[in-house]
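**Q** Pasting entry_25.cif below, which is mmCIF, C-alpha atoms.
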data_final
#
loop_
_atom_site.group_PDB
_atom_site.id
_atom_site.type_symbol
_atom_site.label_atom_id
_atom_site.label_comp_id
_atom_site.auth_asym_id
_atom_site.auth_seq_id
_atom_site.Cartn_x
_atom_site.Cartn_y
_atom_site.Cartn_z
ATOM 1 C CA MET A 1 -13.785 16.311 12.144
ATOM 2 C CA THR A 2 -12.020 19.332 13.662
ATOM 3 C CA ASP A 3 -11.906 22.529 11.645
ATOM 4 C CA LEU A 4 -8.387 23.422 12.854
ATOM 5 C CA ILE A 5 -5.265 21.597 11.708
ATOM 6 C CA ARG A 6 -2.164 22.014 13.900
ATOM 7 C CA VAL A 7 1.217 20.442 13.035
ATOM 8 C CA ASP A 8 4.719 21.276 14.369
ATOM 9 C CA ILE A 9 7.719 19.420 13.000
ATOM 10 C CA VAL A 10 11.484 19.911 12.629
ATOM 11 C CA VAL A 11 13.095 19.379 9.219
ATOM 12 C CA PRO A 12 15.575 16.471 9.484
ATOM 13 C CA SER A 13 19.066 16.833 8.035
ATOM 14 C CA HIS A 14 18.562 14.176 5.341
ATOM 15 C CA LEU A 15 16.041 16.453 3.607
ATOM 16 C CA ALA A 16 18.527 19.325 3.338
ATOM 17 C CA GLY A 17 18.606 20.973 -0.080
ATOM 18 C CA GLN A 18 15.032 20.114 -1.020
ATOM 19 C CA ARG A 19 12.251 22.590 -1.797
ATOM 20 C CA PHE A 20 9.893 23.735 0.950
ATOM 21 C CA ASP A 21 6.906 22.037 -0.707
ATOM 22 C CA GLN A 22 8.863 18.794 -1.228
ATOM 23 C CA VAL A 23 9.895 18.718 2.417
ATOM 24 C CA ALA A 24 6.349 19.470 3.514
ATOM 25 C CA ALA A 25 4.976 16.643 1.369
ATOM 26 C CA GLU A 26 7.527 14.257 2.907
ATOM 27 C CA LEU A 27 6.884 15.294 6.511
ATOM 28 C CA ILE A 28 3.122 15.945 6.330
ATOM 29 C CA PRO A 29 1.915 13.153 4.018
ATOM 30 C CA ASP A 30 -1.680 13.303 5.216
ATOM 31 C CA TYR A 31 -2.370 16.174 2.792
ATOM 32 C CA SER A 32 -1.868 16.517 -0.936
ATOM 33 C CA ARG A 33 1.073 18.436 -2.426
ATOM 34 C CA ALA A 34 -1.348 20.951 -3.947
ATOM 35 C CA ARG A 35 -3.019 21.532 -0.570
ATOM 36 C CA LEU A 36 0.353 22.037 1.155
ATOM 37 C CA GLN A 37 1.483 24.451 -1.564
ATOM 38 C CA ALA A 38 -1.694 26.484 -1.064
ATOM 39 C CA TRP A 39 -1.086 26.617 2.694
ATOM 40 C CA ILE A 40 2.509 27.779 2.098
ATOM 41 C CA LYS A 41 1.311 30.560 -0.194
ATOM 42 C CA ASP A 42 -1.420 31.561 2.297
ATOM 43 C CA GLY A 43 1.028 31.672 5.192
ATOM 44 C CA ALA A 44 -0.756 28.870 7.042
ATOM 45 C CA LEU A 45 2.382 26.706 6.749
ATOM 46 C CA THR A 46 5.467 28.631 7.903
ATOM 47 C CA VAL A 47 9.189 27.931 8.290
ATOM 48 C CA ASP A 48 10.839 29.258 11.453
ATOM 49 C CA GLY A 49 7.794 31.446 11.995
ATOM 50 C CA ARG A 50 8.072 33.157 8.606
ATOM 51 C CA ARG A 51 6.136 32.892 5.370
ATOM 52 C CA GLY A 52 8.003 31.196 2.575
ATOM 53 C CA LYS A 53 7.569 30.148 -1.022
ATOM 54 C CA PRO A 54 7.048 26.574 -2.208
ATOM 55 C CA LYS A 55 10.366 26.647 -4.127
ATOM 56 C CA ASP A 56 12.465 27.904 -1.202
ATOM 57 C CA LYS A 57 15.363 25.580 -0.328
ATOM 58 C CA LEU A 58 15.554 24.217 3.220
ATOM 59 C CA PHE A 59 18.748 23.129 4.955
ATOM 60 C CA GLY A 60 17.622 21.015 7.895
ATOM 61 C CA GLY A 61 16.804 22.038 11.439
ATOM 62 C CA GLU A 62 14.041 24.475 10.478
ATOM 63 C CA GLN A 63 10.781 24.424 12.399
ATOM 64 C CA LEU A 64 7.684 23.946 10.247
ATOM 65 C CA ALA A 65 4.400 25.062 11.735
ATOM 66 C CA LEU A 66 1.014 24.427 10.184
ATOM 67 C CA ARG A 67 -2.040 26.299 11.440
ATOM 68 C CA ALA A 68 -4.818 25.783 8.934
ATOM 69 C CA GLU A 69 -8.542 26.258 9.315
ATOM 70 C CA LEU A 70 -10.714 24.321 6.926
ATOM 71 C CA GLU A 71 -13.086 26.535 4.977
ATOM 72 C CA PRO A 72 -15.978 25.799 2.604
ATOM 73 C CA GLN A 73 -14.585 24.767 -0.782
ATOM 74 C CA GLY A 74 -17.385 25.894 -3.092
ATOM 75 C CA GLU A 75 -20.713 27.636 -3.468
ATOM 76 C CA TRP A 76 -22.646 24.384 -3.786
ATOM 77 C CA GLN A 77 -25.868 23.890 -1.856
ATOM 78 C CA ALA A 78 -26.824 20.844 0.184
ATOM 79 C CA GLU A 79 -29.861 18.986 -1.141
ATOM 80 C CA ASP A 80 -31.870 16.206 0.449
ATOM 81 C CA LEU A 81 -31.383 13.537 -2.201
ATOM 82 C CA SER A 82 -31.913 9.825 -1.745
ATOM 83 C CA LEU A 83 -28.462 8.209 -1.628
ATOM 84 C CA ASN A 84 -27.801 4.467 -1.604
ATOM 85 C CA VAL A 85 -25.015 4.316 1.005
ATOM 86 C CA VAL A 86 -23.186 0.998 0.773
ATOM 87 C CA HIS A 87 -20.575 1.797 3.445
ATOM 88 C CA GLU A 88 -19.775 4.643 5.830
ATOM 89 C CA ASP A 89 -17.209 5.205 8.565
ATOM 90 C CA ASP A 90 -15.184 8.165 9.857
ATOM 91 C CA SER A 91 -12.963 8.178 6.744
ATOM 92 C CA LEU A 92 -15.042 6.895 3.843
ATOM 93 C CA LEU A 93 -18.397 6.846 2.146
ATOM 94 C CA VAL A 94 -19.213 4.377 -0.624
ATOM 95 C CA ILE A 95 -22.280 5.178 -2.715
ATOM 96 C CA ASN A 96 -24.109 3.019 -5.255
ATOM 97 C CA LYS A 97 -24.961 5.701 -7.827
ATOM 98 C CA PRO A 98 -28.002 5.212 -10.061
ATOM 99 C CA ALA A 99 -27.854 5.928 -13.780
ATOM 100 C CA GLY A 100 -28.962 9.463 -14.552
ATOM 101 C CA LEU A 101 -27.364 11.086 -11.489
ATOM 102 C CA VAL A 102 -24.596 13.587 -12.288
ATOM 103 C CA VAL A 103 -21.645 13.293 -9.878
ATOM 104 C CA HIS A 104 -20.425 16.912 -9.794
ATOM 105 C CA PRO A 105 -22.134 20.240 -10.583
ATOM 106 C CA ALA A 106 -21.140 21.805 -13.900
ATOM 107 C CA ALA A 107 -22.605 23.965 -16.629
ATOM 108 C CA GLY A 108 -26.034 22.537 -17.406
ATOM 109 C CA ASN A 109 -26.155 20.630 -14.093
ATOM 110 C CA PRO A 110 -25.786 23.218 -11.322
ATOM 111 C CA ASP A 111 -27.665 21.184 -8.735
ATOM 112 C CA GLY A 112 -29.364 17.849 -8.140
ATOM 113 C CA THR A 113 -25.983 16.093 -8.280
ATOM 114 C CA LEU A 114 -24.349 13.479 -6.085
ATOM 115 C CA LEU A 115 -22.180 16.242 -4.592
ATOM 116 C CA ASN A 116 -25.268 18.200 -3.511
ATOM 117 C CA GLY A 117 -26.680 15.092 -1.879
ATOM 118 C CA LEU A 118 -23.395 14.351 -0.119
ATOM 119 C CA LEU A 119 -23.339 17.835 1.422
ATOM 120 C CA TYR A 120 -26.774 17.190 2.932
ATOM 121 C CA HIS A 121 -25.848 13.713 4.133
ATOM 122 C CA CYS A 122 -22.536 14.880 5.651
ATOM 123 C CA PRO A 123 -22.273 18.693 6.001
ATOM 124 C CA ALA A 124 -18.577 18.518 6.988
ATOM 125 C CA LEU A 125 -17.789 17.547 3.379
ATOM 126 C CA ALA A 126 -18.283 21.223 2.476
ATOM 127 C CA LYS A 127 -14.733 21.791 3.737
ATOM 128 C CA ILE A 128 -13.198 19.013 1.630
ATOM 129 C CA PRO A 129 -12.314 19.780 -2.016
ATOM 130 C CA ARG A 130 -15.027 18.451 -4.360
ATOM 131 C CA ALA A 131 -16.878 17.267 -1.228
ATOM 132 C CA GLY A 132 -14.432 14.360 -0.983
ATOM 133 C CA ILE A 133 -15.157 12.923 -4.425
ATOM 134 C CA VAL A 134 -11.905 11.369 -5.700
ATOM 135 C CA HIS A 135 -13.168 9.670 -8.875
ATOM 136 C CA ARG A 136 -16.267 10.035 -11.001
ATOM 137 C CA LEU A 137 -18.737 7.991 -12.968
ATOM 138 C CA ASP A 138 -20.433 9.358 -16.067
ATOM 139 C CA LYS A 139 -24.004 10.550 -15.551
ATOM 140 C CA ASP A 140 -25.479 7.461 -17.224
ATOM 141 C CA THR A 141 -23.073 4.930 -15.735
ATOM 142 C CA SER A 142 -24.362 3.261 -12.570
ATOM 143 C CA GLY A 143 -22.448 1.778 -9.661
ATOM 144 C CA LEU A 144 -19.915 2.342 -6.903
ATOM 145 C CA VAL A 145 -18.279 5.672 -6.064
ATOM 146 C CA VAL A 146 -15.948 6.216 -3.090
ATOM 147 C CA VAL A 147 -15.912 9.519 -1.206
ATOM 148 C CA ALA A 148 -13.297 10.714 1.315
ATOM 149 C CA LYS A 149 -14.661 12.291 4.494
ATOM 150 C CA THR A 150 -11.366 13.904 5.583
ATOM 151 C CA LEU A 151 -8.430 15.621 3.871
ATOM 152 C CA THR A 152 -6.190 12.808 5.111
ATOM 153 C CA ALA A 153 -8.410 10.148 3.555
ATOM 154 C CA GLN A 154 -8.671 12.152 0.337
ATOM 155 C CA ALA A 155 -4.894 12.429 -0.058
ATOM 156 C CA ASN A 156 -4.529 8.715 0.676
ATOM 157 C CA LEU A 157 -7.173 7.675 -1.867
ATOM 158 C CA VAL A 158 -5.722 9.955 -4.552
ATOM 159 C CA ASP A 159 -2.329 8.298 -3.963
ATOM 160 C CA GLN A 160 -3.906 4.840 -4.187
ATOM 161 C CA LEU A 161 -5.510 5.766 -7.511
ATOM 162 C CA LYS A 162 -2.165 7.055 -8.824
ATOM 163 C CA GLU A 163 -0.391 3.917 -7.641
ATOM 164 C CA ARG A 164 -3.150 1.761 -9.213
ATOM 165 C CA THR A 165 -3.863 -0.155 -6.021
ATOM 166 C CA VAL A 166 -7.594 0.593 -6.253
ATOM 167 C CA SER A 167 -9.440 -2.182 -8.083
ATOM 168 C CA ARG A 168 -12.508 -1.157 -10.129
ATOM 169 C CA LEU A 169 -14.511 -3.768 -12.022
ATOM 170 C CA TYR A 170 -17.338 -2.923 -14.425
ATOM 171 C CA ASP A 171 -20.103 -4.888 -16.122
ATOM 172 C CA ALA A 172 -20.606 -3.852 -19.750
ATOM 173 C CA VAL A 173 -22.741 -5.052 -22.644
ATOM 174 C CA ALA A 174 -20.924 -4.553 -25.942
ATOM 175 C CA GLN A 175 -22.131 -4.748 -29.506
ATOM 176 C CA GLY A 176 -20.815 -7.693 -31.512
ATOM 177 C CA ALA A 177 -19.990 -11.279 -30.595
ATOM 178 C CA MET A 178 -16.520 -11.256 -29.037
ATOM 179 C CA THR A 179 -14.592 -14.513 -28.981
ATOM 180 C CA ALA A 180 -12.113 -13.770 -26.196
ATOM 181 C CA GLY A 181 -11.024 -11.228 -23.639
ATOM 182 C CA GLY A 182 -7.972 -9.058 -23.856
ATOM 183 C CA THR A 183 -6.383 -5.730 -23.014
ATOM 184 C CA VAL A 184 -6.712 -2.358 -24.727
ATOM 185 C CA ASP A 185 -3.580 -0.284 -24.172
ATOM 186 C CA ALA A 186 -4.251 2.921 -26.095
ATOM 187 C CA PRO A 187 -3.727 6.544 -24.969
ATOM 188 C CA ILE A 188 -6.814 8.707 -24.557
ATOM 189 C CA GLY A 189 -7.237 12.458 -24.908
ATOM 190 C CA ARG A 190 -9.781 15.053 -25.929
ATOM 191 C CA HIS A 191 -11.296 14.489 -29.391
ATOM 192 C CA ARG A 192 -9.771 16.929 -31.889
ATOM 193 C CA GLN A 193 -13.098 17.941 -33.475
ATOM 194 C CA ASN A 194 -15.793 17.204 -30.883
ATOM 195 C CA ARG A 195 -14.763 18.603 -27.492
ATOM 196 C CA LEU A 196 -17.563 16.685 -25.778
ATOM 197 C CA LYS A 197 -15.873 13.395 -26.677
ATOM 198 C CA MET A 198 -12.660 11.624 -25.810
ATOM 199 C CA ALA A 199 -10.685 9.623 -28.367
ATOM 200 C CA VAL A 200 -7.756 7.263 -28.748
ATOM 201 C CA LEU A 201 -4.762 9.385 -29.767
ATOM 202 C CA PRO A 202 -1.291 8.462 -31.025
ATOM 203 C CA ALA A 203 1.238 7.894 -28.252
ATOM 204 C CA GLY A 204 3.095 11.114 -27.588
ATOM 205 C CA ALA A 205 0.389 13.321 -29.082
ATOM 206 C CA ALA A 206 -0.514 16.495 -27.219
ATOM 207 C CA GLY A 207 -3.038 15.676 -24.499
ATOM 208 C CA ALA A 208 -2.695 11.894 -24.883
ATOM 209 C CA ARG A 209 -2.619 10.088 -21.527
ATOM 210 C CA GLU A 210 -1.863 6.428 -20.905
ATOM 211 C CA ALA A 211 -5.033 4.340 -20.719
ATOM 212 C CA ILE A 212 -5.264 0.595 -20.097
ATOM 213 C CA THR A 213 -8.450 -1.494 -19.907
ATOM 214 C CA HIS A 214 -8.551 -5.260 -19.316
ATOM 215 C CA TYR A 215 -11.678 -7.158 -20.309
ATOM 216 C CA ARG A 216 -12.955 -10.718 -20.255
ATOM 217 C CA VAL A 217 -15.990 -12.380 -21.780
ATOM 218 C CA VAL A 218 -18.678 -13.333 -19.251
ATOM 219 C CA GLU A 219 -21.487 -14.340 -21.612
ATOM 220 C CA ARG A 220 -21.876 -14.404 -25.392
ATOM 221 C CA PHE A 221 -24.985 -13.747 -27.434
ATOM 222 C CA PRO A 222 -25.434 -13.957 -31.228
ATOM 223 C CA ALA A 223 -24.584 -10.289 -31.740
ATOM 224 C CA HIS A 224 -23.628 -8.980 -28.285
ATOM 225 C CA THR A 225 -21.259 -9.779 -25.415
ATOM 226 C CA LEU A 226 -21.443 -9.309 -21.664
ATOM 227 C CA LEU A 227 -18.003 -8.199 -20.442
ATOM 228 C CA ARG A 228 -16.277 -7.712 -17.120
ATOM 229 C CA CYS A 229 -13.856 -4.790 -17.505
ATOM 230 C CA GLN A 230 -11.065 -3.791 -15.145
ATOM 231 C CA LEU A 231 -9.562 -0.320 -15.199
ATOM 232 C CA GLU A 232 -5.820 -0.032 -14.750
ATOM 233 C CA THR A 233 -6.033 3.708 -15.378
ATOM 234 C CA GLY A 234 -9.000 6.018 -14.928
ATOM 235 C CA ARG A 235 -9.417 8.293 -17.928
ATOM 236 C CA THR A 236 -12.668 10.048 -18.799
ATOM 237 C CA HIS A 237 -15.009 7.692 -20.706
ATOM 238 C CA GLN A 238 -12.189 5.120 -20.787
ATOM 239 C CA ILE A 239 -14.161 1.874 -21.177
ATOM 240 C CA ARG A 240 -16.566 3.488 -23.654
ATOM 241 C CA VAL A 241 -13.732 4.857 -25.790
ATOM 242 C CA HIS A 242 -11.670 1.667 -25.688
ATOM 243 C CA MET A 243 -14.564 -0.620 -26.579
ATOM 244 C CA ALA A 244 -15.525 1.615 -29.505
ATOM 245 C CA HIS A 245 -11.868 1.664 -30.548
ATOM 246 C CA ILE A 246 -11.857 -2.136 -30.957
ATOM 247 C CA HIS A 247 -15.189 -1.922 -32.841
ATOM 248 C CA HIS A 248 -17.347 -3.172 -29.962
ATOM 249 C CA PRO A 249 -19.060 -0.037 -28.637
ATOM 250 C CA LEU A 250 -21.381 -0.377 -25.674
ATOM 251 C CA VAL A 251 -25.088 -0.879 -26.178
ATOM 252 C CA GLY A 252 -26.959 2.406 -25.847
ATOM 253 C CA ASP A 253 -23.865 4.621 -25.878
ATOM 254 C CA PRO A 254 -24.995 7.964 -27.330
ATOM 255 C CA LEU A 255 -21.474 9.327 -27.903
ATOM 256 C CA TYR A 256 -19.464 6.336 -29.055
ATOM 257 C CA GLY A 257 -22.006 3.742 -30.169
ATOM 258 C CA GLY A 258 -23.200 5.280 -33.411
ATOM 259 C CA ARG A 259 -26.693 4.247 -34.441
ATOM 260 C CA GLY A 260 -26.248 0.785 -32.970
ATOM 261 C CA ARG A 261 -26.219 -2.415 -34.964
ATOM 262 C CA LEU A 262 -29.497 -4.330 -34.815
ATOM 263 C CA PRO A 263 -28.895 -8.070 -35.188
ATOM 264 C CA PRO A 264 -30.603 -9.766 -38.148
ATOM 265 C CA GLY A 265 -33.223 -12.299 -37.149
ATOM 266 C CA ALA A 266 -33.748 -10.792 -33.708
ATOM 267 C CA SER A 267 -37.240 -10.971 -32.255
ATOM 268 C CA PRO A 268 -39.404 -7.831 -32.189
ATOM 269 C CA GLY A 269 -39.048 -7.829 -28.405
ATOM 270 C CA LEU A 270 -35.244 -7.767 -28.539
ATOM 271 C CA LEU A 271 -35.221 -5.103 -31.236
ATOM 272 C CA ALA A 272 -37.555 -2.963 -29.133
ATOM 273 C CA THR A 273 -35.373 -3.431 -26.033
ATOM 274 C CA LEU A 274 -32.182 -2.484 -27.889
ATOM 275 C CA GLN A 275 -33.737 0.562 -29.521
ATOM 276 C CA ALA A 276 -35.240 1.781 -26.244
ATOM 277 C CA PHE A 277 -32.213 1.166 -23.983
ATOM 278 C CA PRO A 278 -31.661 4.669 -22.575
ATOM 279 C CA ARG A 279 -27.959 4.760 -21.689
ATOM 280 C CA GLN A 280 -24.596 3.120 -22.140
ATOM 281 C CA ALA A 281 -24.807 -0.390 -20.696
ATOM 282 C CA LEU A 282 -22.074 0.133 -18.091
ATOM 283 C CA HIS A 283 -22.144 -0.543 -14.350
ATOM 284 C CA ALA A 284 -19.369 -0.110 -11.747
ATOM 285 C CA ALA A 285 -19.918 -3.447 -10.045
ATOM 286 C CA GLU A 286 -16.967 -3.954 -7.680
ATOM 287 C CA LEU A 287 -14.550 -1.724 -5.799
ATOM 288 C CA SER A 288 -11.553 -2.669 -3.653
ATOM 289 C CA LEU A 289 -9.072 -0.437 -1.832
ATOM 290 C CA GLN A 290 -7.006 -0.096 1.321
ATOM 291 C CA HIS A 291 -8.722 1.755 4.138
ATOM 292 C CA PRO A 292 -6.907 5.108 4.555
ATOM 293 C CA GLN A 293 -6.799 4.800 8.340
ATOM 294 C CA THR A 294 -6.445 1.084 9.098
ATOM 295 C CA GLY A 295 -4.736 -0.160 5.933
ATOM 296 C CA GLU A 296 -7.252 -3.012 5.761
ATOM 297 C CA THR A 297 -8.222 -4.140 2.263
ATOM 298 C CA LEU A 298 -11.942 -3.542 1.776
ATOM 299 C CA HIS A 299 -14.221 -4.764 -0.997
ATOM 300 C CA TRP A 300 -17.713 -3.763 -2.040
ATOM 301 C CA SER A 301 -20.028 -4.960 -4.779
ATOM 302 C CA ALA A 302 -23.212 -3.561 -6.295
ATOM 303 C CA ALA A 303 -25.721 -5.764 -8.091
ATOM 304 C CA MET A 304 -26.451 -5.000 -11.718
ATOM 305 C CA PRO A 305 -29.375 -2.561 -11.995
ATOM 306 C CA GLU A 306 -32.770 -3.573 -13.328
ATOM 307 C CA ASP A 307 -32.408 -1.994 -16.762
ATOM 308 C CA MET A 308 -29.250 -3.989 -17.533
ATOM 309 C CA LEU A 309 -30.764 -7.183 -16.112
ATOM 310 C CA ASN A 310 -33.764 -6.719 -18.395
ATOM 311 C CA LEU A 311 -31.430 -6.134 -21.336
ATOM 312 C CA LEU A 312 -29.623 -9.386 -20.622
ATOM 313 C CA THR A 313 -32.924 -11.256 -20.306
ATOM 314 C CA SER A 314 -33.967 -9.985 -23.734
ATOM 315 C CA LEU A 315 -30.606 -10.967 -25.230
ATOM 316 C CA ARG A 316 -30.949 -14.497 -23.801
ATOM 317 C CA VAL A 317 -34.433 -14.884 -25.244
ATOM 318 C CA GLY A 318 -33.198 -13.614 -28.604
#
In structure tokens, write the structure found in this file.
**A**
Amino acid sequence: MTDLIRVDIVVPSHLAGQRFDQVAAELIPDYSRARLQAWIKDGALTVDGRRGKPKDKLFGGEQLALRAELEPQGEWQAEDLSLNVVHEDDSLLVINKPAGLVVHPAAGNPDGTLLNGLLYHCPALAKIPRAGIVHRLDKDTSGLVVVAKTLTAQANLVDQLKERTVSRLYDAVAQGAMTAGGTVDAPIGRHRQNRLKMAVLPAGAAGAREAITHYRVVERFPAHTLLRCQLETGRTHQIRVHMAHIHHPLVGDPLYGGRGRLPPGASPGLLATLQAFPRQALHAAELSLQHPQTGETLHWSAAMPEDMLNLLTSLRVG
């Protein structure tokens, strides 16, 4: 990946009257609107050889010139971590993340994250915002994560996520015997009292964002249900919040599962397994998207990890 981006383009007449940043987004779609706005403000993207402002009106016929050098996007350090790479090409990386691995450094987790491992695996990601990570999994959720290796791929994947053309399917073990699948359409926002949690909020409430989860029953047990969940939106903790909202929190969920209901009549082995299960029983099992460069529809799957398989075995034995 080259470190220098060079684009020259003339503003067509049909875009006359639009803002500089709007025109740039239309003519240079390989990069996000936010990235283009930053280049305008930095003077890397000029109009007729002059610096402008994102809100400046253009009238057609102007010459846009982009001369941008990619620079490191953070102070993060590369670390030699073992990554399970499911797919890699010039545009994409797909990683099968284990439970317990934090995706992005933050307070309390400054290193040892997926991002640190990605920087070691592919040093050029240092010049991509968030090292190319376009969506996250919670620390204790396992499964598939896609990473963009170029700014062009990143902008494309972000657009696909916004347009809901990325398919993400999850395996989840919920508390309670559910009789049928369904859809939870309930806005999610930050919990009003506990800022570490998300919550279902009334539509129109401050901070409430549309959230839709589809789910179907895969296997029933006397007091638990194996579900296949499909995200239509991608809010923080979405499946965990929605399942708790319909009174079927995930097994092992420390934030939304409460103390966990232990089924009456369960064997000592099952009770021990449920009490010892160390995380929310949630696994990102399948991922489908259009390749940013070729447009081909690609699909990946990741087998359920051992801890969830053992949980299901215990539930089957009873």
**Q** Run the PyMOL selection byres ((chain A and resi 107-121) around 6) on the file and write out the hits as a VMD selection string.
**A** chain A and resid 77 to 81 102 to 106 122 to 123 125
**Q** Check what the PyMOL selection byres ((chain A and resi 283-293) around 7) selects in the file above and give those residues as a VMD selection string.
**A** chain A and resid 141 to 144 153 156 to 157 165 to 172 281 to 282 294 to 304
**Q** Please indicate the distance in Å from atom CA of Asp42 of chain A to atom CA of Val134 of chain A, rounded to one decimal place.
**A**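 Straight-line distance from atom CA of Asp42 of chain A to atom CA of Val134 of chain A works out to 24.1 Å.
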**Q** Given the choices A:Asp8, A:Asp21, A:Glu26, A:Asp89, which gets closest to Arg67 of chain A if the distance is worked out from only C-alpha atoms?
**A**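 Among the listed residues, A:Asp8 lies closest to Arg67 of chain A.
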**Q** Compile the contact shell of segment 197-210 of chain A as a list in words: residues with an atom at most 6 Å away, counting all atoms listed in the file, same-chain residues fewer than 5 positions apart removed.
**A**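 The residues that qualify are Pro187, Ile188, Gly189, Arg190 and His191 of chain A.
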**Q** Run the PyMOL selection byres ((chain A and resi 220-223) around 6) on the file and write out the hits as a list in words.
**A**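 Answer for the PyMOL selection byres ((chain A and resi 220-223) around 6): Gly176, Ala177, Glu219, His224, Thr225 and Pro263 of chain A.
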**Q** Would you mind reading off the distance between atom CA of Val47 of chain A and atom CA of Leu4 of chain A, one decimal, in Å?
**A**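 Distance between the two atoms: 18.7 Å.
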**Q** Would you list the contacts of Val10 of chain A as a list of chain:residue names, taking every protein, DNA or RNA residue within 8 Å and counting only C-alpha atoms, but skipping same-chain residues closer than 3 positions in sequence?
**A**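 My list of contacting residues is A:Gly60, A:Gly61, A:Glu62, A:Gln63, A:Leu64.
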**Q** Kindly give the distance, in Å, that separates atom CA of Leu315 of chain A and atom CA of Leu270 of chain A, rounded to a single decimal.
**A** 6.5 Å
**Q** So which residues are close to (-25.1, 2.5, -22.7), meaning at most 10 Å away in the file's coordinates with only C-alpha atoms counted, and can you show them as a PyMOL selection string?
**A** chain A and resi 99+140-141+172-174+240+249-257+277-283+308
**Q** Could you give me, as a PDB file with C-alpha atoms, keeping the file's coordinate frame, the residues within 6 Å of segment 93-97 of chain A, counting all atoms listed in the file and dropping anything in the same chain fewer than 3 positions from it?
**A**
ATOM      1  CA  ASN A  84     -27.801   4.467  -1.604  1.00  0.00           C
ATOM      2  CA  VAL A  85     -25.015   4.316   1.005  1.00  0.00           C
ATOM      3  CA  VAL A  86     -23.186   0.998   0.773  1.00  0.00           C
ATOM      4  CA  HIS A  87     -20.575   1.797   3.445  1.00  0.00           C
ATOM      5  CA  GLU A  88     -19.775   4.643   5.830  1.00  0.00           C
ATOM      6  CA  SER A 142     -24.362   3.261 -12.570  1.00  0.00           C
ATOM      7  CA  GLY A 143     -22.448   1.778  -9.661  1.00  0.00           C
ATOM      8  CA  LEU A 144     -19.915   2.342  -6.903  1.00  0.00           C
ATOM      9  CA  VAL A 145     -18.279   5.672  -6.064  1.00  0.00           C
ATOM     10  CA  VAL A 146     -15.948   6.216  -3.090  1.00  0.00           C
ATOM     11  CA  VAL A 147     -15.912   9.519  -1.206  1.00  0.00           C
TER      12      VAL A 147
END
**Q** Between A:Arg192, A:Arg136, A:Gly17, A:Leu66, which one has atoms that come closest to Arg50 of chain A, using only C-alpha atoms?
**A**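 Answer, going by the shortest atom-to-atom distance: A:Leu66.
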**Q** In terms of the shortest atom-to-atom distance over all atoms listed in the file, which of A:Asn310, A:Ser82, A:Ser13, A:Thr236 is closest to His135 of chain A?
**A** A:Thr236
**Q** Determine the nearest neighbour of Tyr215 of chain A from the options A:Gly181, A:Ile239, A:Glu232, A:Ala24, counting all atoms listed in the file.
**A**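 The answer is A:Gly181, which sits nearest to Tyr215 of chain A.
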**Q** In terms of the shortest atom-to-atom distance over only C-alpha atoms, which of A:Trp39, A:Tyr31, A:Phe59, A:Trp76 is closest to Arg19 of chain A?
**A** A:Phe59
**Q** Can you work out which one of A:Val317, A:Gln275, A:Lys53, A:Leu309 has the shortest atom-to-atom distance to Leu262 of chain A, counting only C-alpha atoms?
**A** A:Gln275
**Q** Please put the answer as AutoDock Vina command-line options: centre and edge lengths, in Å with one decimal, of a box along x, y and z that encloses all listed atoms of segment 232-239 of chain A plus 8 Å on each side.
**A**
--center_x -10.4 --center_y 5.0 --center_z -18.0 --size_x 25.2 --size_y 26.1 --size_z 22.4
